[in-house]
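Okay, so here's the structure we're looking at.
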Amino acid sequence: MPGARLDEIRAQLDAVATEHCQAVMGGAPRPDLAGIPGLLAEVQRLLPDLPSSERAKADMMMGCGWHMLGEDEKALEPLLRAVSSQGLAVSDHLSAILVVMPLLRQRCRWSQLLQAGEKAYDLAGRWVDPVLPFMKGVALSRLNCMEQAADCLEEAIQMKPGLKQAHLEFQQAAAELGDTQRCRRVAQLLVDHGGYWVSSLQRPLHFDPKVRSQPWHDPRRFKLVHALEDNFGVICAELEAMERRWGKVGSGHRGNENSRHDADLVTAGEWQEVVLLGDSQECQDNCASCPRTSELLQSFPEVASCAAAKLGESLFSRLLPGTRLRAHCGPTNLRLTCHLGICIPSGCEIICGGEARRWETGRCLVFDDSFEHEVRHEGAEARTVLLVNFWHPDAEMPEWPKEPKEPAA
């Protein structure tokens with residue numbers, strides 16, 4: 001009978017799948033998968049003679065079998081048929097959903113991923129695995145349903161506090177909602193779990209634990225700072241000739257997506273920039289109009305290499321009176337940010353890692369922008385700085401001499 005033979009094949013596939021999972025987790029040698037294609041071909045031959053409920057099981061078996069072999073293109077369609085079927089055992093249904101969700105994510109099929117997540121919850125009446133709310137949250141985020149995405153991702157985190165990818169997705173969703181307190185509270189779960197972030201105020205998407213974590217750095221220890229301050233007059237003189245080149249942050253003239261992302265940080269007022277080290281032709285034109293400043297910046301490998309890697313540009317930054325930049329974390333702790341004060345009115349400050357500081361004309365501040373930071377400008381005139389991103393001295397970058405280390409603050 002086809003059904004009896006299907007059950008025999010199922011038992012063989014389950015046994016191999018168990019050994020395969022143990023091998024993937026590092027607890028056993030890899031099983032011999034050579035017989036799997038033959039078993040799947042037999043299931044395919046049995047399919048026309050099976051009742052509908054058994055066909056759904058056969059689809060689940062074929063999908064999971066092809067996935068085990070790494071043949072995800074062959075796995076996808078039978079898995080989708082199994083997920084959309086009626087009458088499949090709940091455990092088999094959930095197995096098919098858990099296997100198909102990553103495949104849908106890889107292919108950016110967000111609506112189908114969302115539907116699979118909703119079906120998983122309806123079948124069990126609860127989340128049976130943290131992967132399920134995580135994947136649903138990812139789908140909701142890509143569909144721009146940030147509030148629902150944050151809720152699902154937080155559910156996944158509550159189930160498994162060390163689920164790093166859920167934390168990274170959650171932080172992006174909650175940050176877009178502007179819920180800084182929630183970002184901190186949920187991040188603390190990962191800090192307490194250990195293995196990634198070390199502070200709820202430092203939440204970059206990329207975090208290197210070998211790099212010191214401190215929001216503010218002593219400017220005196222950086223040769224870059226001394227060079228910028230020593231050339232303050234030259235920098236100011238060249239900036240005066242750039243007045244017509246100011247552009248609004250978000251217009252894309254850096255040559256990458258960083259500017260568009262930064263535009264979302266402005267909650268009031270206006271943020272303007274003239275980019276020197278970036279990717280666009282406009283940046284090259286700006287450098288030609290500001291030759292001595294550009295040459296100075298490019299003489300520091302940690303600056304030039306950082307810009308070339310699209311990790312962070314060097315630019316003149318101007319905030320008009322009344323501008324506020326919401327609290328946010330930079331993308332990585334592998335860089336530091338230097339601000340050389342050029343035009344600094346009263347009433348403006350930057351808060352990084354919970355500590356507020358004020359700029360001074362002709363002097364530099366150096367901070368780690370992977371820590372939560374925000375800017376408030378309540379003065380009456382524009383605030384202007386030269387903003388320079390550069391590789392953190394703890395980063396494994398051999399292109400330039402290391403700066404002497406200071407004790408961690």
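Chain labels run A, B, ... following the order of the structure tokens; each chain numbers its residues from 1, and ligands are numbered from 1 in the order shown.
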
Show me, as JSON lines, the residues of range 247-336 of chain A having an atom within 8 Å of range 169-192 of chain A, each with the closest atom pair and its distance in Å, using only C-alpha atoms.
```
{"residue": "A:Arg326", "atom": "CA", "partner": "A:Gly178", "partner_atom": "CA", "distance": 7.9}
{"residue": "A:Ala327", "atom": "CA", "partner": "A:Thr180", "partner_atom": "CA", "distance": 7.0}
{"residue": "A:His328", "atom": "CA", "partner": "A:Ala175", "partner_atom": "CA", "distance": 7.2}
```

Test item, alpha helix (DSSP H) assignment across range 100-329 of chain A, answer as a ChimeraX atom specification:
/A:100-106,110-124,131-142,146-159,164-176,180-193,223-230,232-240,258-263,281-289,291-298,301-308

Identify all residues of range 178-392 of chain A in strand (DSSP E or B) (DSSP on the backbone) and supply them as a PyMOL selection string.
chain A and resi 202+206+216-217+247-248+266-268+271-277+314-319+324-328+332+335-343+348-352+355-357+364-367+371+373-377+383-391

Those residues with C-alpha atoms, as a CSV table (one decimal), in the first residue's frame please?
```
chain,number,residue,atom,x,y,z
A,202,GLN,CA,26.2,50.7,23.1
A,206,HIS,CA,28.4,45.2,14.3
A,216,TRP,CA,34.6,59.4,25.1
A,217,HIS,CA,38.3,59.3,24.3
A,247,GLY,CA,23.6,70.4,1.0
A,248,LYS,CA,20.9,69.0,3.2
A,266,VAL,CA,16.6,64.9,12.4
A,267,THR,CA,13.5,65.4,14.6
A,268,ALA,CA,13.6,69.2,14.3
A,271,TRP,CA,21.2,69.3,9.2
A,272,GLN,CA,23.6,70.3,6.4
A,273,GLU,CA,26.9,69.0,5.1
A,274,VAL,CA,29.7,69.4,2.7
A,275,VAL,CA,31.3,66.0,2.1
A,276,LEU,CA,35.0,65.7,1.4
A,277,LEU,CA,35.9,62.1,1.7
A,314,SER,CA,34.9,63.1,6.5
A,315,LEU,CA,32.7,66.2,6.1
A,316,PHE,CA,31.8,69.6,7.3
A,317,SER,CA,28.6,69.4,9.3
A,318,ARG,CA,26.3,72.3,10.1
A,319,LEU,CA,23.2,72.4,12.3
A,324,ARG,CA,17.8,68.1,17.3
A,325,LEU,CA,19.2,64.7,16.3
A,326,ARG,CA,17.4,61.9,18.1
A,327,ALA,CA,19.3,59.4,20.2
A,328,HIS,CA,20.8,56.7,18.1
A,332,THR,CA,30.0,49.6,14.4
A,335,ARG,CA,35.5,53.5,14.2
A,336,LEU,CA,35.7,56.6,16.2
A,337,THR,CA,34.4,60.1,15.4
A,338,CYS,CA,36.3,63.4,15.7
A,339,HIS,CA,34.6,66.8,15.7
A,340,LEU,CA,36.7,69.9,15.2
A,341,GLY,CA,34.7,72.9,16.4
A,342,ILE,CA,34.6,75.6,13.8
A,343,CYS,CA,31.7,77.8,14.6
A,348,CYS,CA,24.4,73.4,21.7
A,349,GLU,CA,25.7,70.1,23.1
A,350,ILE,CA,26.2,66.5,22.3
A,351,ILE,CA,25.3,63.6,24.7
A,352,CYS,CA,27.2,60.3,24.2
A,355,GLU,CA,27.5,62.2,29.2
A,356,ALA,CA,27.0,65.7,27.8
A,357,ARG,CA,29.8,67.7,26.4
A,364,CYS,CA,38.4,68.5,19.0
A,365,LEU,CA,36.1,66.1,20.7
A,366,VAL,CA,36.6,62.3,20.1
A,367,PHE,CA,33.9,59.8,20.8
A,371,PHE,CA,27.3,54.4,21.9
A,373,HIS,CA,24.3,59.7,21.3
A,374,GLU,CA,22.1,62.7,20.4
A,375,VAL,CA,22.6,66.4,19.6
A,376,ARG,CA,20.7,69.4,20.8
A,377,HIS,CA,21.1,72.9,19.3
A,383,ARG,CA,26.9,75.2,14.7
A,384,THR,CA,29.6,74.0,12.3
A,385,VAL,CA,32.2,71.3,12.9
A,386,LEU,CA,34.6,69.2,10.7
A,387,LEU,CA,33.4,65.7,11.3
A,388,VAL,CA,36.1,63.0,10.7
A,389,ASN,CA,35.4,59.2,11.0
A,390,PHE,CA,38.5,57.0,11.5
A,391,TRP,CA,39.3,53.5,12.4
```

Please provide the set of residues having any atom within 8 Å of range 12-16 of chain A, restricted to only C-alpha atoms, with same-chain residues fewer than 5 positions apart removed, written as a PDB file with all heavy atoms, in the first residue's frame.
```
ATOM      1  N   PRO A  31      26.096  11.984   8.804  1.00  0.00           N
ATOM      2  CA  PRO A  31      25.543  10.728   8.286  1.00  0.00           C
ATOM      3  C   PRO A  31      25.733  10.622   6.777  1.00  0.00           C
ATOM      4  O   PRO A  31      26.012  11.605   6.089  1.00  0.00           O
ATOM      5  CB  PRO A  31      24.054  10.844   8.642  1.00  0.00           C
ATOM      6  CG  PRO A  31      23.785  12.319   8.617  1.00  0.00           C
ATOM      7  CD  PRO A  31      25.047  12.956   9.130  1.00  0.00           C
ATOM      8  N   ASP A  32      25.581   9.426   6.277  1.00  0.00           N
ATOM      9  CA  ASP A  32      25.640   9.187   4.839  1.00  0.00           C
ATOM     10  C   ASP A  32      24.299   9.589   4.227  1.00  0.00           C
ATOM     11  O   ASP A  32      23.254   9.025   4.556  1.00  0.00           O
ATOM     12  CB  ASP A  32      25.921   7.704   4.581  1.00  0.00           C
ATOM     13  CG  ASP A  32      26.073   7.392   3.094  1.00  0.00           C
ATOM     14  OD1 ASP A  32      26.050   8.345   2.286  1.00  0.00           O
ATOM     15  OD2 ASP A  32      26.205   6.201   2.753  1.00  0.00           O
ATOM     16  N   LEU A  33      24.334  10.584   3.349  1.00  0.00           N
ATOM     17  CA  LEU A  33      23.104  11.083   2.728  1.00  0.00           C
ATOM     18  C   LEU A  33      22.892  10.530   1.326  1.00  0.00           C
ATOM     19  O   LEU A  33      21.957  10.945   0.629  1.00  0.00           O
ATOM     20  CB  LEU A  33      23.142  12.622   2.659  1.00  0.00           C
ATOM     21  CG  LEU A  33      23.362  13.364   3.978  1.00  0.00           C
ATOM     22  CD1 LEU A  33      23.380  14.875   3.727  1.00  0.00           C
ATOM     23  CD2 LEU A  33      22.296  13.010   4.998  1.00  0.00           C
ATOM     24  N   ILE A  36      19.375   9.374   0.217  1.00  0.00           N
ATOM     25  CA  ILE A  36      18.230  10.285   0.308  1.00  0.00           C
ATOM     26  C   ILE A  36      17.583  10.563  -1.050  1.00  0.00           C
ATOM     27  O   ILE A  36      16.352  10.486  -1.178  1.00  0.00           O
ATOM     28  CB  ILE A  36      18.642  11.603   0.992  1.00  0.00           C
ATOM     29  CG1 ILE A  36      19.148  11.334   2.407  1.00  0.00           C
ATOM     30  CG2 ILE A  36      17.469  12.578   1.031  1.00  0.00           C
ATOM     31  CD1 ILE A  36      18.131  10.767   3.336  1.00  0.00           C
ATOM     32  N   MET A  61       7.882  15.733   3.599  1.00  0.00           N
ATOM     33  CA  MET A  61       9.057  14.858   3.564  1.00  0.00           C
ATOM     34  C   MET A  61      10.011  15.251   2.439  1.00  0.00           C
ATOM     35  O   MET A  61      11.228  15.321   2.632  1.00  0.00           O
ATOM     36  CB  MET A  61       8.611  13.408   3.402  1.00  0.00           C
ATOM     37  CG  MET A  61       7.874  12.848   4.615  1.00  0.00           C
ATOM     38  SD  MET A  61       6.967  11.311   4.264  1.00  0.00           S
ATOM     39  CE  MET A  61       8.266  10.255   3.636  1.00  0.00           C
ATOM     40  N   GLY A  65      13.632  16.747   2.993  1.00  0.00           N
ATOM     41  CA  GLY A  65      14.714  15.930   2.472  1.00  0.00           C
ATOM     42  C   GLY A  65      15.625  16.708   1.538  1.00  0.00           C
ATOM     43  O   GLY A  65      16.857  16.647   1.650  1.00  0.00           O
TER      44      GLY A  65
END
```

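Restricting the calculation to only C-alpha atoms, the smallest distance between His261 in chain A and any of A:Ala89, A:Pro51, A:Ile235, A:Gly330 is found for A:Gly330.
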